[in-house]
Amino acid sequence: MKISVQEADFDAGVEISALRAGNPQIGAVASFIGLVRDMNDGSRVAAMTLEHYPAMTHKALSAIVAEAEARWALLGCTVIHRVGALFPTDQIVLVAVASSHRADAFAACEFIMDYLKTQAPFWKKERTPEGERWVEPRVTDEQAQARWAE
Amino acid sequence: MKISVQEADFDAGVEISALRAGNPQIGAVASFIGLVRDMNDGSRVAAMTLEHYPAMTHKALSAIVAEAEARWALLGCTVIHRVGALFPTDQIVLVAVASSHRADAFAACEFIMDYLKTQAPFWKKERTPEGERWVEPRVTDEQAQARWAE
Amino acid sequence: MNIKVLYFARLRERFGISEEVLELPDSMAMVAMLLDVLRARGGEWAEALAAGQNFRVAVNQDMAAMNAPLEADDEVAIFPPVTGG
Amino acid sequence: MNIKVLYFARLRERFGISEEVLELPDSMAMVAMLLDVLRARGGEWAEALAAGQNFRVAVNQDMAAMNAPLEADDEVAIFPPVTGG
């Protein structure tokens, strides 16, 4: 398990290669990259600031990955989340999951993203032509997380 | 839409970067890499040969991607499938899907893999200590495809 | 009419042939009838293409059902269930 | 007992403070009671932390419910619903 919260950008290709390197049991790597869009809720977004709760962030992400490892047969997982100032087309988050089979890899990758969206202490503030504004949580994100409950 | 059937390896990081380059509407890229495992159905796999039906392969993959584009709001899609001789830890297939939102990207990526597994004319032959053998289709792959039917 | 027939993977190996051109009467313009002609060869052909055997047929590079019609110069491919990805 | 309280994002801005240490009577060792103390300040505090307002509480870096117990030197964070990813 690799978890990193950082200001620096990441190279998704390098991270995915490192995740699967040297383990011939891995048959599947599912990954997700979240990016800053230039439009959100009808306003143009010029920039965004990602704030977090440093003492809690790593702990929360570790708990989410541990829960995914308990639910599916995983062979590795990388989560990288950026903080600080970000601009349209910038990468925000990478989740990459390795497994023997694709069903486990896909499910765990989507599970981690859904929990990260509702459980990890990050907050986005957007700069728009109308001024700065905090991003509102989406009901669809709550619903996406809720569907994993047994 | 980029579709390639090739003997050469691919660089997943380069492909994902190219897929999302220059489009600030893209908020999500989901991707999948399939890899050769050194063990399958209880036998060690030393190597594999991927045969295909060249005149049909590109057409079949295009139809699958077109169906995904009809079902979800996509902003780009890359499918690369290798043929020829492959060895454990080698990459076999890449599916990468870009969209504004993660739910569409995840669903389309998994849909394309499920259909590719049952509809695209590729066949794997494995070399094991017991000799060469054609890989048998999996019931779970048929089931995975069937769940997308309305 | 002439129909080009292709075989892939395990079926190509069992039949020992990857491609042939068959001349069919115009009245036999359906996938199921082409298969009857092949089964009539007996041996591996009768066995591998018997009803209940797990194989697929494509006509002009699209998956096709047994009752799909055939036209002159169509390309028919017969192969096992696919296992890519 | 002393409780360290942290505020993030929109709540940090509304309260104009990111961190403070509160001294609570030992008898008020529950998240809900800490919130009552903060609401008693009135103004933004009463409004943003009113029942029905959408905020979250973590105790020692784990999400916590209103009835979660507090101990001396605990770290309590109060923040809006998260929006990362």
# chains A, B, ... in the order shown; residues from 1 in each chain; ligands from 1
>>> residues_around(residues="Glu7 (chain B)", least_positions_apart="4", cutoff="9 Å", atoms="only C-alpha atoms", output="ChimeraX atom specification")
/B:81-85
>>> write_last_selection(atoms="C-alpha atoms", output="PDB file, in the first residue's frame")
ATOM      1  CA  HIS B  81      -4.652  -5.010 -27.527  1.00  0.00           C
ATOM      2  CA  ARG B  82      -1.481  -6.933 -28.164  1.00  0.00           C
ATOM      3  CA  VAL B  83      -1.130 -10.087 -30.276  1.00  0.00           C
ATOM      4  CA  GLY B  84       1.711 -12.557 -30.790  1.00  0.00           C
ATOM      5  CA  ALA B  85       4.077 -14.015 -28.182  1.00  0.00           C
TER       6      ALA B  85
END
>>> select_by_dssp(residues="region 45-123 of chain B", states="helix (DSSP H, G or I)", output="PyMOL selection string")
chain B and resi 54-71+102-119
>>> closest_atom_pairs(of="chain A", to="chain C", cutoff="12 Å", atoms="only C-alpha atoms", output="CSV")
residue,atom,partner,partner_atom,distance
A:Gly27,CA,C:Gly85,CA,10.1
A:Ala28,CA,C:Gly85,CA,10.0
A:His101,CA,C:Gly85,CA,11.2
A:Arg102,CA,C:Gly85,CA,10.0
>>> write_last_selection(atoms="N, CA, C and O atoms", output="CSV table (one decimal), in the first residue's frame")
chain,number,residue,atom,x,y,z
A,27,GLY,N,-2.8,-9.9,-12.6
A,27,GLY,CA,-3.4,-10.0,-14.0
A,27,GLY,C,-4.2,-8.7,-14.4
A,27,GLY,O,-4.6,-8.6,-15.5
A,28,ALA,N,-4.4,-7.8,-13.4
A,28,ALA,CA,-5.3,-6.7,-13.6
A,28,ALA,C,-4.9,-5.5,-12.8
A,28,ALA,O,-4.6,-5.6,-11.6
A,101,HIS,N,-7.5,-10.7,-10.8
A,101,HIS,CA,-8.6,-10.6,-11.7
A,101,HIS,C,-9.2,-9.2,-11.8
A,101,HIS,O,-9.3,-8.5,-10.8
A,102,ARG,N,-9.8,-8.9,-12.9
A,102,ARG,CA,-10.3,-7.6,-13.2
A,102,ARG,C,-11.5,-7.1,-12.3
A,102,ARG,O,-11.6,-6.0,-12.0
>>> residues_around(residues="region 14-16 of chain B", least_positions_apart="3", cutoff="9 Å", atoms="only C-alpha atoms", output="PDB file with all heavy atoms, in the first residue's frame")
ATOM      1  N   ALA A  12       1.367   9.284 -13.506  1.00  0.00           N
ATOM      2  CA  ALA A  12       0.500   8.114 -13.349  1.00  0.00           C
ATOM      3  C   ALA A  12       1.139   6.865 -13.951  1.00  0.00           C
ATOM      4  O   ALA A  12       1.041   5.767 -13.386  1.00  0.00           O
ATOM      5  CB  ALA A  12      -0.865   8.384 -13.990  1.00  0.00           C
ATOM      6  N   GLY A  13       1.814   7.016 -15.095  1.00  0.00           N
ATOM      7  CA  GLY A  13       2.445   5.861 -15.735  1.00  0.00           C
ATOM      8  C   GLY A  13       3.522   5.247 -14.855  1.00  0.00           C
ATOM      9  O   GLY A  13       3.592   4.014 -14.707  1.00  0.00           O
TER      10      GLY A  13
ATOM     11  N   PHE B  10       3.084  -1.310 -25.130  1.00  0.00           N
ATOM     12  CA  PHE B  10       2.616   0.082 -25.078  1.00  0.00           C
ATOM     13  C   PHE B  10       3.021   0.685 -23.747  1.00  0.00           C
ATOM     14  O   PHE B  10       3.298  -0.032 -22.782  1.00  0.00           O
ATOM     15  CB  PHE B  10       1.094   0.147 -25.265  1.00  0.00           C
ATOM     16  CG  PHE B  10       0.322  -0.740 -24.319  1.00  0.00           C
ATOM     17  CD1 PHE B  10       0.043  -0.338 -23.020  1.00  0.00           C
ATOM     18  CD2 PHE B  10      -0.120  -2.000 -24.727  1.00  0.00           C
ATOM     19  CE1 PHE B  10      -0.660  -1.163 -22.149  1.00  0.00           C
ATOM     20  CE2 PHE B  10      -0.821  -2.831 -23.855  1.00  0.00           C
ATOM     21  CZ  PHE B  10      -1.092  -2.410 -22.572  1.00  0.00           C
ATOM     22  N   ASP B  11       3.033   2.013 -23.706  1.00  0.00           N
ATOM     23  CA  ASP B  11       3.346   2.754 -22.479  1.00  0.00           C
ATOM     24  C   ASP B  11       2.039   3.337 -21.957  1.00  0.00           C
ATOM     25  O   ASP B  11       1.522   4.326 -22.494  1.00  0.00           O
ATOM     26  CB  ASP B  11       4.350   3.864 -22.792  1.00  0.00           C
ATOM     27  CG  ASP B  11       4.777   4.621 -21.538  1.00  0.00           C
ATOM     28  OD1 ASP B  11       3.928   4.832 -20.640  1.00  0.00           O
ATOM     29  OD2 ASP B  11       5.949   5.009 -21.451  1.00  0.00           O
ATOM     30  N   LEU B  19      -4.588  10.776 -24.016  1.00  0.00           N
ATOM     31  CA  LEU B  19      -6.049  10.726 -24.010  1.00  0.00           C
ATOM     32  C   LEU B  19      -6.659  11.983 -23.395  1.00  0.00           C
ATOM     33  O   LEU B  19      -7.680  12.487 -23.862  1.00  0.00           O
ATOM     34  CB  LEU B  19      -6.508   9.483 -23.222  1.00  0.00           C
ATOM     35  CG  LEU B  19      -8.006   9.314 -22.990  1.00  0.00           C
ATOM     36  CD1 LEU B  19      -8.716   9.078 -24.324  1.00  0.00           C
ATOM     37  CD2 LEU B  19      -8.263   8.142 -22.038  1.00  0.00           C
ATOM     38  N   ARG B  20      -6.028  12.507 -22.345  1.00  0.00           N
ATOM     39  CA  ARG B  20      -6.630  13.635 -21.629  1.00  0.00           C
ATOM     40  C   ARG B  20      -6.024  14.982 -22.016  1.00  0.00           C
ATOM     41  O   ARG B  20      -6.505  16.033 -21.551  1.00  0.00           O
ATOM     42  CB  ARG B  20      -6.490  13.421 -20.121  1.00  0.00           C
ATOM     43  CG  ARG B  20      -5.081  13.518 -19.587  1.00  0.00           C
ATOM     44  CD  ARG B  20      -5.076  13.284 -18.086  1.00  0.00           C
ATOM     45  NE  ARG B  20      -3.742  13.397 -17.519  1.00  0.00           N
ATOM     46  CZ  ARG B  20      -3.151  14.553 -17.201  1.00  0.00           C
ATOM     47  NH1 ARG B  20      -3.782  15.688 -17.387  1.00  0.00           N
ATOM     48  NH2 ARG B  20      -1.930  14.558 -16.698  1.00  0.00           N
ATOM     49  N   ALA B  21      -4.995  14.961 -22.859  1.00  0.00           N
ATOM     50  CA  ALA B  21      -4.258  16.190 -23.158  1.00  0.00           C
ATOM     51  C   ALA B  21      -5.168  17.267 -23.752  1.00  0.00           C
ATOM     52  O   ALA B  21      -5.931  17.017 -24.688  1.00  0.00           O
ATOM     53  CB  ALA B  21      -3.111  15.893 -24.117  1.00  0.00           C
ATOM     54  N   VAL B  29     -10.461  10.019 -15.611  1.00  0.00           N
ATOM     55  CA  VAL B  29      -9.944   9.012 -16.543  1.00  0.00           C
ATOM     56  C   VAL B  29      -9.873   7.690 -15.793  1.00  0.00           C
ATOM     57  O   VAL B  29      -9.148   7.568 -14.799  1.00  0.00           O
ATOM     58  CB  VAL B  29      -8.541   9.386 -17.079  1.00  0.00           C
ATOM     59  CG1 VAL B  29      -7.984   8.247 -17.935  1.00  0.00           C
ATOM     60  CG2 VAL B  29      -8.598  10.672 -17.885  1.00  0.00           C
ATOM     61  N   SER B  31      -8.958   3.645 -16.162  1.00  0.00           N
ATOM     62  CA  SER B  31      -8.216   2.805 -17.090  1.00  0.00           C
ATOM     63  C   SER B  31      -8.015   1.413 -16.518  1.00  0.00           C
ATOM     64  O   SER B  31      -8.134   1.184 -15.314  1.00  0.00           O
ATOM     65  CB  SER B  31      -6.871   3.443 -17.456  1.00  0.00           C
ATOM     66  OG  SER B  31      -6.075   3.579 -16.317  1.00  0.00           O
ATOM     67  N   THR B  78      -9.325   5.040 -25.436  1.00  0.00           N
ATOM     68  CA  THR B  78      -8.190   4.367 -26.067  1.00  0.00           C
ATOM     69  C   THR B  78      -8.243   2.885 -25.735  1.00  0.00           C
ATOM     70  O   THR B  78      -8.397   2.515 -24.560  1.00  0.00           O
ATOM     71  CB  THR B  78      -6.857   4.960 -25.552  1.00  0.00           C
ATOM     72  OG1 THR B  78      -6.778   6.321 -25.958  1.00  0.00           O
ATOM     73  CG2 THR B  78      -5.664   4.192 -26.105  1.00  0.00           C
ATOM     74  N   LEU B  94      -4.902  -2.516 -22.853  1.00  0.00           N
ATOM     75  CA  LEU B  94      -5.163  -1.260 -22.148  1.00  0.00           C
ATOM     76  C   LEU B  94      -6.511  -0.721 -22.611  1.00  0.00           C
ATOM     77  O   LEU B  94      -6.761  -0.641 -23.812  1.00  0.00           O
ATOM     78  CB  LEU B  94      -4.094  -0.212 -22.481  1.00  0.00           C
ATOM     79  CG  LEU B  94      -4.398   1.213 -21.984  1.00  0.00           C
ATOM     80  CD1 LEU B  94      -4.255   1.316 -20.475  1.00  0.00           C
ATOM     81  CD2 LEU B  94      -3.477   2.237 -22.666  1.00  0.00           C
ATOM     82  N   ALA B  96      -8.621   2.786 -21.698  1.00  0.00           N
ATOM     83  CA  ALA B  96      -8.631   4.042 -20.934  1.00  0.00           C
ATOM     84  C   ALA B  96      -9.775   4.905 -21.454  1.00  0.00           C
ATOM     85  O   ALA B  96      -9.957   5.044 -22.656  1.00  0.00           O
ATOM     86  CB  ALA B  96      -7.302   4.780 -21.086  1.00  0.00           C
ATOM     87  N   VAL B  97     -10.554   5.444 -20.514  1.00  0.00           N
ATOM     88  CA  VAL B  97     -11.763   6.187 -20.860  1.00  0.00           C
ATOM     89  C   VAL B  97     -11.776   7.523 -20.133  1.00  0.00           C
ATOM     90  O   VAL B  97     -11.579   7.570 -18.920  1.00  0.00           O
ATOM     91  CB  VAL B  97     -13.024   5.381 -20.461  1.00  0.00           C
ATOM     92  CG1 VAL B  97     -14.280   6.189 -20.751  1.00  0.00           C
ATOM     93  CG2 VAL B  97     -13.066   4.051 -21.193  1.00  0.00           C
ATOM     94  N   ALA B  98     -12.023   8.594 -20.873  1.00  0.00           N
ATOM     95  CA  ALA B  98     -12.097   9.935 -20.288  1.00  0.00           C
ATOM     96  C   ALA B  98     -13.536  10.435 -20.297  1.00  0.00           C
ATOM     97  O   ALA B  98     -14.285  10.174 -21.243  1.00  0.00           O
ATOM     98  CB  ALA B  98     -11.214  10.904 -21.072  1.00  0.00           C
TER      99      ALA B  98
END
>>> residues_around(residues="Ala72 (chain D)", least_positions_apart="5", cutoff="9 Å", atoms="only C-alpha atoms", output="VMD selection string")
chain D and resid 1 to 3 24 26 29
>>> write_last_selection(atoms="all heavy atoms", output="short mmCIF file (atom, residue, chain, number, x, y, z; two decimals), in the first residue's frame")
data_model
loop_
_atom_site.label_atom_id
_atom_site.label_comp_id
_atom_site.auth_asym_id
_atom_site.auth_seq_id
_atom_site.Cartn_x
_atom_site.Cartn_y
_atom_site.Cartn_z
N MET D 1 -10.68 19.63 31.87
CA MET D 1 -9.73 19.00 30.95
C MET D 1 -9.59 19.86 29.69
O MET D 1 -10.52 20.54 29.27
CB MET D 1 -10.23 17.59 30.55
CG MET D 1 -11.57 17.61 29.83
SD MET D 1 -12.10 15.92 29.47
CE MET D 1 -13.60 16.27 28.56
N ASN D 2 -8.41 19.79 29.08
CA ASN D 2 -8.17 20.57 27.87
C ASN D 2 -8.50 19.76 26.61
O ASN D 2 -8.14 18.59 26.51
CB ASN D 2 -6.70 21.00 27.80
CG ASN D 2 -6.42 22.10 28.80
OD1 ASN D 2 -7.33 22.83 29.23
ND2 ASN D 2 -5.16 22.22 29.20
N ILE D 3 -9.20 20.42 25.70
CA ILE D 3 -9.52 19.81 24.40
C ILE D 3 -9.01 20.76 23.32
O ILE D 3 -9.34 21.95 23.33
CB ILE D 3 -11.05 19.62 24.24
CG1 ILE D 3 -11.62 18.74 25.35
CG2 ILE D 3 -11.36 19.06 22.84
CD1 ILE D 3 -11.28 17.28 25.24
N LEU D 24 -12.71 22.32 29.34
CA LEU D 24 -14.07 21.84 29.61
C LEU D 24 -14.12 21.19 30.98
O LEU D 24 -13.17 20.52 31.38
CB LEU D 24 -14.48 20.78 28.58
CG LEU D 24 -14.77 21.17 27.14
CD1 LEU D 24 -15.33 19.96 26.41
CD2 LEU D 24 -15.77 22.32 27.09
N ASP D 26 -14.89 18.24 33.46
CA ASP D 26 -14.80 16.80 33.18
C ASP D 26 -16.19 16.21 32.92
O ASP D 26 -16.33 15.19 32.26
CB ASP D 26 -14.15 16.06 34.36
CG ASP D 26 -12.66 16.32 34.39
OD1 ASP D 26 -12.16 17.01 33.46
OD2 ASP D 26 -11.98 15.83 35.32
N ALA D 29 -17.82 15.55 28.96
CA ALA D 29 -16.91 14.77 28.14
C ALA D 29 -17.62 14.08 26.98
O ALA D 29 -17.59 12.86 26.84
CB ALA D 29 -16.18 13.75 29.01
#
>>> closest_residue(among="A:Thr89, A:Gln143, A:Ser43, A:Ser99", to="chain B", atoms="only C-alpha atoms")
A:Thr89
>>> closest_residue(among="B:Asp104, B:Asp41, B:Glu69, B:Glu51", to="Glu136 (chain B)", atoms="only C-alpha atoms")
B:Asp41
>>> closest_residue(among="B:Ala60, B:Val93, B:Val79, B:Leu50", to="chain A", atoms="only C-alpha atoms")
B:Val93
